[in-house]
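So this block is run33.pdb, PDB, C-alpha atoms, pLDDT in the B column:
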```pdb
ATOM      1  CA  MET A 384     -16.063  -1.193   9.427  1.00 66.00           C
ATOM      2  CA  ARG A 385     -12.760  -1.532   7.616  1.00 72.00           C
ATOM      3  CA  LEU A 386     -12.000  -4.775   5.787  1.00 77.00           C
ATOM      4  CA  HIS A 387      -8.859  -6.706   6.584  1.00 83.00           C
ATOM      5  CA  PRO A 388      -6.345  -6.203   3.719  1.00 82.00           C
ATOM      6  CA  LEU A 389      -6.357  -9.917   2.911  1.00 86.00           C
ATOM      7  CA  ALA A 390     -10.158  -9.928   2.738  1.00 89.00           C
ATOM      8  CA  ALA A 391     -10.127  -6.851   0.505  1.00 90.00           C
ATOM      9  CA  ASP A 392      -7.599  -8.475  -1.826  1.00 91.00           C
ATOM     10  CA  GLY A 393      -9.741 -11.611  -1.853  1.00 91.00           C
ATOM     11  CA  LEU A 394     -12.747  -9.605  -2.994  1.00 93.00           C
ATOM     12  CA  ILE A 395     -10.675  -7.918  -5.704  1.00 92.00           C
ATOM     13  CA  ALA A 396      -9.363 -11.274  -6.917  1.00 92.00           C
ATOM     14  CA  ALA A 397     -12.886 -12.705  -6.960  1.00 93.00           C
ATOM     15  CA  ALA A 398     -14.173  -9.697  -8.895  1.00 93.00           C
ATOM     16  CA  LEU A 399     -11.405  -9.964 -11.496  1.00 93.00           C
ATOM     17  CA  THR A 400     -12.015 -13.697 -11.816  1.00 92.00           C
ATOM     18  CA  THR A 401     -15.694 -13.032 -12.444  1.00 93.00           C
ATOM     19  CA  VAL A 402     -14.896 -10.413 -15.086  1.00 92.00           C
ATOM     20  CA  ALA A 403     -12.413 -12.748 -16.776  1.00 92.00           C
ATOM     21  CA  VAL A 404     -14.936 -15.598 -16.809  1.00 92.00           C
ATOM     22  CA  LEU A 405     -17.652 -13.397 -18.289  1.00 93.00           C
ATOM     23  CA  LEU A 406     -15.235 -12.060 -20.878  1.00 92.00           C
ATOM     24  CA  GLY A 407     -13.986 -15.553 -21.653  1.00 92.00           C
ATOM     25  CA  THR A 408     -17.450 -16.627 -22.716  1.00 92.00           C
ATOM     26  CA  GLU A 409     -17.191 -14.043 -25.508  1.00 92.00           C
ATOM     27  CA  ALA A 410     -13.992 -15.513 -26.960  1.00 91.00           C
ATOM     28  CA  VAL A 411     -15.712 -17.288 -29.855  1.00 91.00           C
ATOM     29  CA  ALA A 412     -17.693 -14.179 -30.739  1.00 91.00           C
ATOM     30  CA  GLN A 413     -14.387 -12.302 -30.934  1.00 88.00           C
ATOM     31  CA  GLY A 414     -12.922 -14.859 -33.339  1.00 88.00           C
ATOM     32  CA  TRP A 415     -10.883 -16.830 -30.809  1.00 91.00           C
ATOM     33  CA  PRO A 416     -11.096 -20.492 -29.799  1.00 90.00           C
ATOM     34  CA  ALA A 417     -13.528 -21.359 -27.037  1.00 92.00           C
ATOM     35  CA  LEU A 418     -11.906 -21.637 -23.639  1.00 93.00           C
ATOM     36  CA  ASP A 419     -11.465 -25.261 -22.577  1.00 93.00           C
ATOM     37  CA  PRO A 420     -10.803 -26.577 -19.036  1.00 94.00           C
ATOM     38  CA  LEU A 421      -7.084 -25.841 -19.361  1.00 94.00           C
ATOM     39  CA  ALA A 422      -7.825 -22.265 -20.371  1.00 94.00           C
ATOM     40  CA  TRP A 423     -10.212 -21.797 -17.453  1.00 94.00           C
ATOM     41  CA  THR A 424      -7.571 -23.196 -15.104  1.00 94.00           C
ATOM     42  CA  LEU A 425      -5.068 -20.670 -16.403  1.00 94.00           C
ATOM     43  CA  VAL A 426      -7.636 -17.899 -16.016  1.00 94.00           C
ATOM     44  CA  GLY A 427      -7.998 -18.882 -12.367  1.00 94.00           C
ATOM     45  CA  LEU A 428      -4.225 -18.924 -11.932  1.00 94.00           C
ATOM     46  CA  LEU A 429      -4.076 -15.457 -13.468  1.00 94.00           C
ATOM     47  CA  THR A 430      -6.438 -13.863 -10.979  1.00 94.00           C
ATOM     48  CA  LEU A 431      -6.769 -15.897  -7.780  1.00 92.00           C
ATOM     49  CA  PRO A 432      -3.110 -15.436  -6.680  1.00 94.00           C
ATOM     50  CA  LEU A 433      -3.896 -11.726  -6.414  1.00 95.00           C
ATOM     51  CA  VAL A 434      -5.262 -12.531  -2.962  1.00 95.00           C
ATOM     52  CA  LEU A 435      -1.611 -12.432  -1.864  1.00 94.00           C
ATOM     53  CA  ARG A 436      -0.613  -9.436  -3.965  1.00 94.00           C
ATOM     54  CA  THR A 437       0.182  -7.138  -1.032  1.00 93.00           C
ATOM     55  CA  ARG A 438       2.024  -9.825   0.924  1.00 93.00           C
ATOM     56  CA  ALA A 439       4.270 -11.014  -1.907  1.00 95.00           C
ATOM     57  CA  PRO A 440       3.810  -8.527  -4.759  1.00 96.00           C
ATOM     58  CA  VAL A 441       6.853  -9.464  -6.834  1.00 96.00           C
ATOM     59  CA  THR A 442       6.266 -13.208  -6.526  1.00 96.00           C
ATOM     60  CA  VAL A 443       2.611 -12.831  -7.475  1.00 96.00           C
ATOM     61  CA  CYS A 444       3.544 -10.579 -10.389  1.00 97.00           C
ATOM     62  CA  LEU A 445       6.031 -13.098 -11.769  1.00 97.00           C
ATOM     63  CA  ALA A 446       3.588 -15.972 -11.279  1.00 96.00           C
ATOM     64  CA  VAL A 447       0.674 -14.340 -13.085  1.00 96.00           C
ATOM     65  CA  HIS A 448       2.906 -13.212 -15.944  1.00 97.00           C
ATOM     66  CA  ALA A 449       4.192 -16.762 -16.350  1.00 96.00           C
ATOM     67  CA  CYS A 450       0.600 -18.015 -16.473  1.00 95.00           C
ATOM     68  CA  TRP A 451      -0.349 -15.297 -18.938  1.00 96.00           C
ATOM     69  CA  ALA A 452       2.566 -16.188 -21.207  1.00 96.00           C
ATOM     70  CA  ALA A 453       1.467 -19.836 -21.126  1.00 96.00           C
ATOM     71  CA  TYR A 454      -2.124 -18.786 -21.806  1.00 96.00           C
ATOM     72  CA  VAL A 455      -1.027 -16.698 -24.798  1.00 95.00           C
ATOM     73  CA  THR A 456       1.228 -19.477 -26.104  1.00 95.00           C
ATOM     74  CA  LEU A 457      -1.791 -21.791 -26.225  1.00 94.00           C
ATOM     75  CA  ASP A 458      -3.503 -19.246 -28.502  1.00 92.00           C
ATOM     76  CA  TYR A 459      -6.347 -18.255 -26.227  1.00 94.00           C
ATOM     77  CA  TRP A 460      -7.808 -14.756 -26.338  1.00 93.00           C
ATOM     78  CA  PRO A 461      -5.097 -12.657 -24.609  1.00 93.00           C
ATOM     79  CA  VAL A 462      -7.453  -9.970 -23.325  1.00 92.00           C
ATOM     80  CA  VAL A 463      -9.097 -12.415 -20.914  1.00 94.00           C
ATOM     81  CA  GLY A 464      -5.829 -12.940 -19.083  1.00 92.00           C
ATOM     82  CA  SER A 465      -4.594  -9.356 -19.048  1.00 94.00           C
ATOM     83  CA  PHE A 466      -6.327  -8.073 -15.911  1.00 93.00           C
ATOM     84  CA  GLY A 467      -4.311 -10.032 -13.371  1.00 95.00           C
ATOM     85  CA  PRO A 468      -0.892  -8.996 -14.710  1.00 96.00           C
ATOM     86  CA  MET A 469      -1.938  -5.348 -14.911  1.00 96.00           C
ATOM     87  CA  LEU A 470      -3.118  -5.265 -11.306  1.00 96.00           C
ATOM     88  CA  ALA A 471       0.026  -7.115 -10.253  1.00 96.00           C
ATOM     89  CA  VAL A 472       2.235  -4.472 -11.889  1.00 97.00           C
ATOM     90  CA  TYR A 473       0.295  -1.681 -10.192  1.00 96.00           C
ATOM     91  CA  THR A 474       0.689  -3.447  -6.847  1.00 96.00           C
ATOM     92  CA  VAL A 475       4.454  -3.811  -7.257  1.00 97.00           C
ATOM     93  CA  ALA A 476       4.733  -0.146  -8.221  1.00 96.00           C
ATOM     94  CA  SER A 477       2.754   0.888  -5.141  1.00 95.00           C
ATOM     95  CA  LEU A 478       4.735  -1.250  -2.689  1.00 94.00           C
ATOM     96  CA  ARG A 479       8.245  -1.740  -4.039  1.00 94.00           C
ATOM     97  CA  PRO A 480      11.132   0.502  -5.184  1.00 93.00           C
ATOM     98  CA  THR A 481      11.020   2.119  -8.592  1.00 93.00           C
ATOM     99  CA  ARG A 482      13.631  -0.175 -10.129  1.00 94.00           C
ATOM    100  CA  THR A 483      11.679  -3.302  -9.193  1.00 96.00           C
ATOM    101  CA  ALA A 484       8.441  -1.766 -10.451  1.00 95.00           C
ATOM    102  CA  ALA A 485      10.088  -0.783 -13.736  1.00 95.00           C
ATOM    103  CA  ALA A 486      11.272  -4.364 -14.281  1.00 96.00           C
ATOM    104  CA  CYS A 487       7.758  -5.708 -13.701  1.00 96.00           C
ATOM    105  CA  ALA A 488       6.293  -3.071 -16.022  1.00 96.00           C
ATOM    106  CA  ALA A 489       8.797  -4.106 -18.697  1.00 96.00           C
ATOM    107  CA  LEU A 490       7.726  -7.724 -18.206  1.00 96.00           C
ATOM    108  CA  LEU A 491       4.102  -6.736 -18.774  1.00 97.00           C
ATOM    109  CA  ALA A 492       5.091  -4.884 -21.946  1.00 96.00           C
ATOM    110  CA  ALA A 493       7.074  -7.878 -23.202  1.00 96.00           C
ATOM    111  CA  VAL A 494       4.225 -10.355 -22.714  1.00 96.00           C
ATOM    112  CA  TRP A 495       1.800  -7.862 -24.246  1.00 95.00           C
ATOM    113  CA  ILE A 496       3.925  -7.595 -27.394  1.00 94.00           C
ATOM    114  CA  TYR A 497       4.357 -11.373 -27.427  1.00 94.00           C
ATOM    115  CA  ALA A 498       0.570 -11.729 -27.361  1.00 93.00           C
ATOM    116  CA  GLY A 499       0.328  -9.354 -30.313  1.00 91.00           C
ATOM    117  CA  LEU A 500       2.865 -11.372 -32.267  1.00 90.00           C
ATOM    118  CA  ARG A 501       1.105 -14.658 -31.474  1.00 88.00           C
ATOM    119  CA  SER A 502      -2.210 -13.286 -32.669  1.00 83.00           C
ATOM    120  CA  ASP A 503      -0.737 -12.144 -36.003  1.00 73.00           C
ATOM    121  CA  SER A 504      -2.329  -8.785 -35.390  1.00 65.00           C
ATOM    122  CA  GLY A 505      -2.357  -6.463 -38.342  1.00 70.00           C
ATOM    123  CA  ALA A 506      -2.188  -3.511 -35.986  1.00 80.00           C
ATOM    124  CA  MET A 507       1.141  -4.113 -34.269  1.00 85.00           C
ATOM    125  CA  ALA A 508       1.665  -0.382 -33.948  1.00 87.00           C
ATOM    126  CA  SER A 509      -1.419  -0.262 -31.739  1.00 89.00           C
ATOM    127  CA  VAL A 510      -0.241  -3.311 -29.789  1.00 90.00           C
ATOM    128  CA  VAL A 511       3.157  -1.720 -29.165  1.00 91.00           C
ATOM    129  CA  GLY A 512       1.484   1.519 -28.128  1.00 93.00           C
ATOM    130  CA  GLN A 513      -0.655  -0.362 -25.626  1.00 92.00           C
ATOM    131  CA  ALA A 514       2.367  -2.346 -24.444  1.00 93.00           C
ATOM    132  CA  VAL A 515       4.153   0.909 -23.663  1.00 94.00           C
ATOM    133  CA  GLY A 516       1.203   2.976 -22.493  1.00 95.00           C
ATOM    134  CA  PHE A 517      -0.544   0.612 -20.093  1.00 95.00           C
ATOM    135  CA  PRO A 518       2.554  -0.395 -18.090  1.00 95.00           C
ATOM    136  CA  LEU A 519       3.670   3.228 -17.931  1.00 95.00           C
ATOM    137  CA  VAL A 520       0.297   4.396 -16.622  1.00 95.00           C
ATOM    138  CA  LEU A 521       0.121   1.537 -14.107  1.00 95.00           C
ATOM    139  CA  TRP A 522       3.650   2.258 -12.913  1.00 95.00           C
ATOM    140  CA  ARG A 523       2.862   5.956 -12.532  1.00 94.00           C
ATOM    141  CA  PHE A 524      -0.338   5.360 -10.576  1.00 95.00           C
ATOM    142  CA  GLY A 525       1.448   2.863  -8.351  1.00 94.00           C
ATOM    143  CA  TYR A 526       4.339   5.260  -7.787  1.00 93.00           C
ATOM    144  CA  VAL A 527       1.958   8.046  -6.774  1.00 94.00           C
ATOM    145  CA  ALA A 528       0.160   5.671  -4.405  1.00 92.00           C
ATOM    146  CA  ARG A 529       3.466   4.604  -2.839  1.00 91.00           C
ATOM    147  CA  ARG A 530       4.688   8.176  -2.390  1.00 90.00           C
ATOM    148  CA  THR A 531       1.347   9.194  -0.917  1.00 91.00           C
ATOM    149  CA  GLY A 532       1.539   6.314   1.539  1.00 86.00           C
ATOM    150  CA  GLU A 533       5.103   7.203   2.515  1.00 82.00           C
ATOM    151  CA  LEU A 534       4.207  10.857   3.047  1.00 86.00           C
ATOM    152  CA  THR A 535       1.175   9.866   5.107  1.00 86.00           C
ATOM    153  CA  LEU A 536       3.294   7.647   7.349  1.00 84.00           C
ATOM    154  CA  ARG A 537       5.891  10.395   7.720  1.00 85.00           C
ATOM    155  CA  LEU A 538       3.200  12.917   8.617  1.00 86.00           C
ATOM    156  CA  ARG A 539       1.728  10.572  11.214  1.00 86.00           C
ATOM    157  CA  ALA A 540       5.173   9.976  12.704  1.00 84.00           C
ATOM    158  CA  GLU A 541       5.821  13.721  12.891  1.00 85.00           C
ATOM    159  CA  GLN A 542       2.433  14.300  14.511  1.00 87.00           C
ATOM    160  CA  ALA A 543       3.095  11.565  17.064  1.00 85.00           C
ATOM    161  CA  ASP A 544       6.544  13.007  17.793  1.00 84.00           C
ATOM    162  CA  ARG A 545       5.083  16.491  18.172  1.00 86.00           C
ATOM    163  CA  ALA A 546       2.423  15.153  20.533  1.00 86.00           C
ATOM    164  CA  ARG A 547       5.087  13.419  22.641  1.00 87.00           C
ATOM    165  CA  ARG A 548       7.125  16.624  22.818  1.00 86.00           C
ATOM    166  CA  GLU A 549       4.072  18.640  23.829  1.00 84.00           C
ATOM    167  CA  VAL A 550       3.255  16.142  26.583  1.00 86.00           C
ATOM    168  CA  ALA A 551       6.849  16.239  27.824  1.00 84.00           C
ATOM    169  CA  GLU A 552       6.879  20.044  27.786  1.00 84.00           C
ATOM    170  CA  GLU A 553       3.578  20.150  29.681  1.00 84.00           C
ATOM    171  CA  ARG A 554       4.963  17.786  32.305  1.00 87.00           C
ATOM    172  CA  VAL A 555       8.038  19.979  32.707  1.00 84.00           C
ATOM    173  CA  ARG A 556       5.838  23.069  33.051  1.00 84.00           C
ATOM    174  CA  ILE A 557       3.648  21.406  35.687  1.00 87.00           C
ATOM    175  CA  ALA A 558       6.713  20.169  37.567  1.00 84.00           C
ATOM    176  CA  ARG A 559       8.194  23.676  37.499  1.00 85.00           C
ATOM    177  CA  GLU A 560       4.969  25.190  38.801  1.00 82.00           C
ATOM    178  CA  LEU A 561       4.743  22.584  41.550  1.00 83.00           C
ATOM    179  CA  HIS A 562       8.338  23.296  42.473  1.00 81.00           C
ATOM    180  CA  ASP A 563       7.619  27.023  42.685  1.00 78.00           C
ATOM    181  CA  VAL A 564       4.502  26.467  44.806  1.00 79.00           C
ATOM    182  CA  VAL A 565       6.274  24.088  47.173  1.00 80.00           C
ATOM    183  CA  ALA A 566       9.259  26.420  47.422  1.00 76.00           C
ATOM    184  CA  HIS A 567       6.944  29.325  48.231  1.00 75.00           C
ATOM    185  CA  HIS A 568       5.168  27.381  50.962  1.00 76.00           C
ATOM    186  CA  ILE A 569       8.453  26.231  52.454  1.00 82.00           C
ATOM    187  CA  ALA A 570       9.679  29.824  52.467  1.00 73.00           C
ATOM    188  CA  VAL A 571       6.489  30.934  54.229  1.00 74.00           C
ATOM    189  CA  ILE A 572       6.885  28.134  56.772  1.00 80.00           C
ATOM    190  CA  ASN A 573      10.490  29.175  57.388  1.00 75.00           C
ATOM    191  CA  VAL A 574       9.446  32.783  57.910  1.00 73.00           C
ATOM    192  CA  GLN A 575       6.660  31.768  60.267  1.00 73.00           C
ATOM    193  CA  THR A 576       8.992  29.451  62.163  1.00 76.00           C
ATOM    194  CA  GLY A 577      11.590  32.191  62.499  1.00 67.00           C
ATOM    195  CA  LEU A 578       8.972  34.660  63.657  1.00 69.00           C
ATOM    196  CA  ALA A 579       7.631  32.188  66.203  1.00 64.00           C
ATOM    197  CA  ARG A 580      11.126  31.568  67.522  1.00 68.00           C
ATOM    198  CA  PHE A 581      11.740  35.320  67.798  1.00 63.00           C
ATOM    199  CA  VAL A 582       8.473  35.883  69.630  1.00 64.00           C
ATOM    200  CA  PHE A 583       9.140  32.961  71.952  1.00 63.00           C
ATOM    201  CA  HIS A 584      12.525  34.331  72.977  1.00 63.00           C
ATOM    202  CA  THR A 585      11.449  37.954  73.293  1.00 68.00           C
ATOM    203  CA  ASP A 586       8.034  37.512  74.815  1.00 60.00           C
ATOM    204  CA  ALA A 587       7.666  34.087  76.319  1.00 54.00           C
ATOM    205  CA  ARG A 588       4.255  34.945  77.768  1.00 57.00           C
ATOM    206  CA  THR A 589       2.875  35.378  74.252  1.00 52.00           C
TER     207      THR A 589
END
```
Can the structure in the file be given as structure tokens, please?
Amino acid sequence: MRLHPLAADGLIAAALTTVAVLLGTEAVAQGWPALDPLAWTLVGLLTLPLVLRTRAPVTVCLAVHACWAAYVTLDYWPVVGSFGPMLAVYTVASLRPTRTAAACAALLAAVWIYAGLRSDSGAMASVVGQAVGFPLVLWRFGYVARRTGELTLRLRAEQADRARREVAEERVRIARELHDVVAHHIAVINVQTGLARFVFHTDART
């Protein structure tokens, strides 16, 4: 049984929310402030909108990035909020044109670097590498998924068109055969009628 797309996206959003919550409980152990109610609210806003990611991918992507930027600005552990934006970028890349996907990937990179600057990370080179690498990989995977989907739809359309042509050709063949059979029988009837007329006029007793 195949899940409805909205139900599938709901399960994905719930799973990411669960992961973010579990990871958020480790914030203090990682040297970050404990997540307060505001932080947990932002975590929810970073993942729950993904339920609508396939219906409004760009809007969801912009919304979760705005929430992530706010989350980072409040100096919470950035990693907790990174899952929603990454999935949102992948979704845009898999459903929208390349230019739109590239803009969303650049937005992810920008917020990622901003998070690195806010955290005063001593490994900015690593942060920049991640900011370039992750969006690029997500964009590429999304692009491949989109192209695969387009090719699949094209193949299905070609198969349906071929099936329609084959049905039409079969109907024409059957109609031609019926025409030949009917024409043959009519010819036989004409011959028999002519023969009967000839016999009637030449040998009425028969």
Atom CA of Ala558 of chain A to atom CA of Glu541 of chain A measures 25.5 Å
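Nearest to Leu418 of chain A of all the residues A:Ala446, A:Val463, A:Ala540, A:Val434 is A:Val463, based on all atoms listed in the file.
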- request: Using only C-alpha atoms, give me every residue within 12 Å of (1.1, -13.4, -1.3) in file coordinates, as a VMD selection string.
  value: chain A and resid 388 to 389 392 to 393 431 to 447 471 474 to 475
Produce a file of the selected residues containing C-alpha atoms, as a PDB file, in the coordinates of the input.
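What ended up in out.pdb:
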```
ATOM      1  CA  PRO A 388      -6.345  -6.203   3.719  1.00 82.00           C
ATOM      2  CA  LEU A 389      -6.357  -9.917   2.911  1.00 86.00           C
ATOM      3  CA  ASP A 392      -7.599  -8.475  -1.826  1.00 91.00           C
ATOM      4  CA  GLY A 393      -9.741 -11.611  -1.853  1.00 91.00           C
ATOM      5  CA  LEU A 431      -6.769 -15.897  -7.780  1.00 92.00           C
ATOM      6  CA  PRO A 432      -3.110 -15.436  -6.680  1.00 94.00           C
ATOM      7  CA  LEU A 433      -3.896 -11.726  -6.414  1.00 95.00           C
ATOM      8  CA  VAL A 434      -5.262 -12.531  -2.962  1.00 95.00           C
ATOM      9  CA  LEU A 435      -1.611 -12.432  -1.864  1.00 94.00           C
ATOM     10  CA  ARG A 436      -0.613  -9.436  -3.965  1.00 94.00           C
ATOM     11  CA  THR A 437       0.182  -7.138  -1.032  1.00 93.00           C
ATOM     12  CA  ARG A 438       2.024  -9.825   0.924  1.00 93.00           C
ATOM     13  CA  ALA A 439       4.270 -11.014  -1.907  1.00 95.00           C
ATOM     14  CA  PRO A 440       3.810  -8.527  -4.759  1.00 96.00           C
ATOM     15  CA  VAL A 441       6.853  -9.464  -6.834  1.00 96.00           C
ATOM     16  CA  THR A 442       6.266 -13.208  -6.526  1.00 96.00           C
ATOM     17  CA  VAL A 443       2.611 -12.831  -7.475  1.00 96.00           C
ATOM     18  CA  CYS A 444       3.544 -10.579 -10.389  1.00 97.00           C
ATOM     19  CA  LEU A 445       6.031 -13.098 -11.769  1.00 97.00           C
ATOM     20  CA  ALA A 446       3.588 -15.972 -11.279  1.00 96.00           C
ATOM     21  CA  VAL A 447       0.674 -14.340 -13.085  1.00 96.00           C
ATOM     22  CA  ALA A 471       0.026  -7.115 -10.253  1.00 96.00           C
ATOM     23  CA  THR A 474       0.689  -3.447  -6.847  1.00 96.00           C
ATOM     24  CA  VAL A 475       4.454  -3.811  -7.257  1.00 97.00           C
TER      25      VAL A 475
END
```
Atom CA of Ala403 of chain A sits from atom CA of Tyr454 of chain A at a separation of 12.9 Å
* What residues come out when you apply the PyMOL selection byres ((chain A and resi 499-507) around 12) to this file, written as a list of chain:residue names? -> A:Gly414, A:Trp415, A:Pro416, A:Ala452, A:Ala453, A:Tyr454, A:Val455, A:Thr456, A:Leu457, A:Asp458, A:Tyr459, A:Trp460, A:Pro461, A:Val462, A:Ala492, A:Ala493, A:Val494, A:Trp495, A:Ile496, A:Tyr497, A:Ala498, A:Ala508, A:Ser509, A:Val510, A:Val511, A:Gly512, A:Gln513, A:Ala514
As a check of understanding: the span from atom CA of Arg479 of chain A to atom CA of Val404 of chain A is 29.9 Å
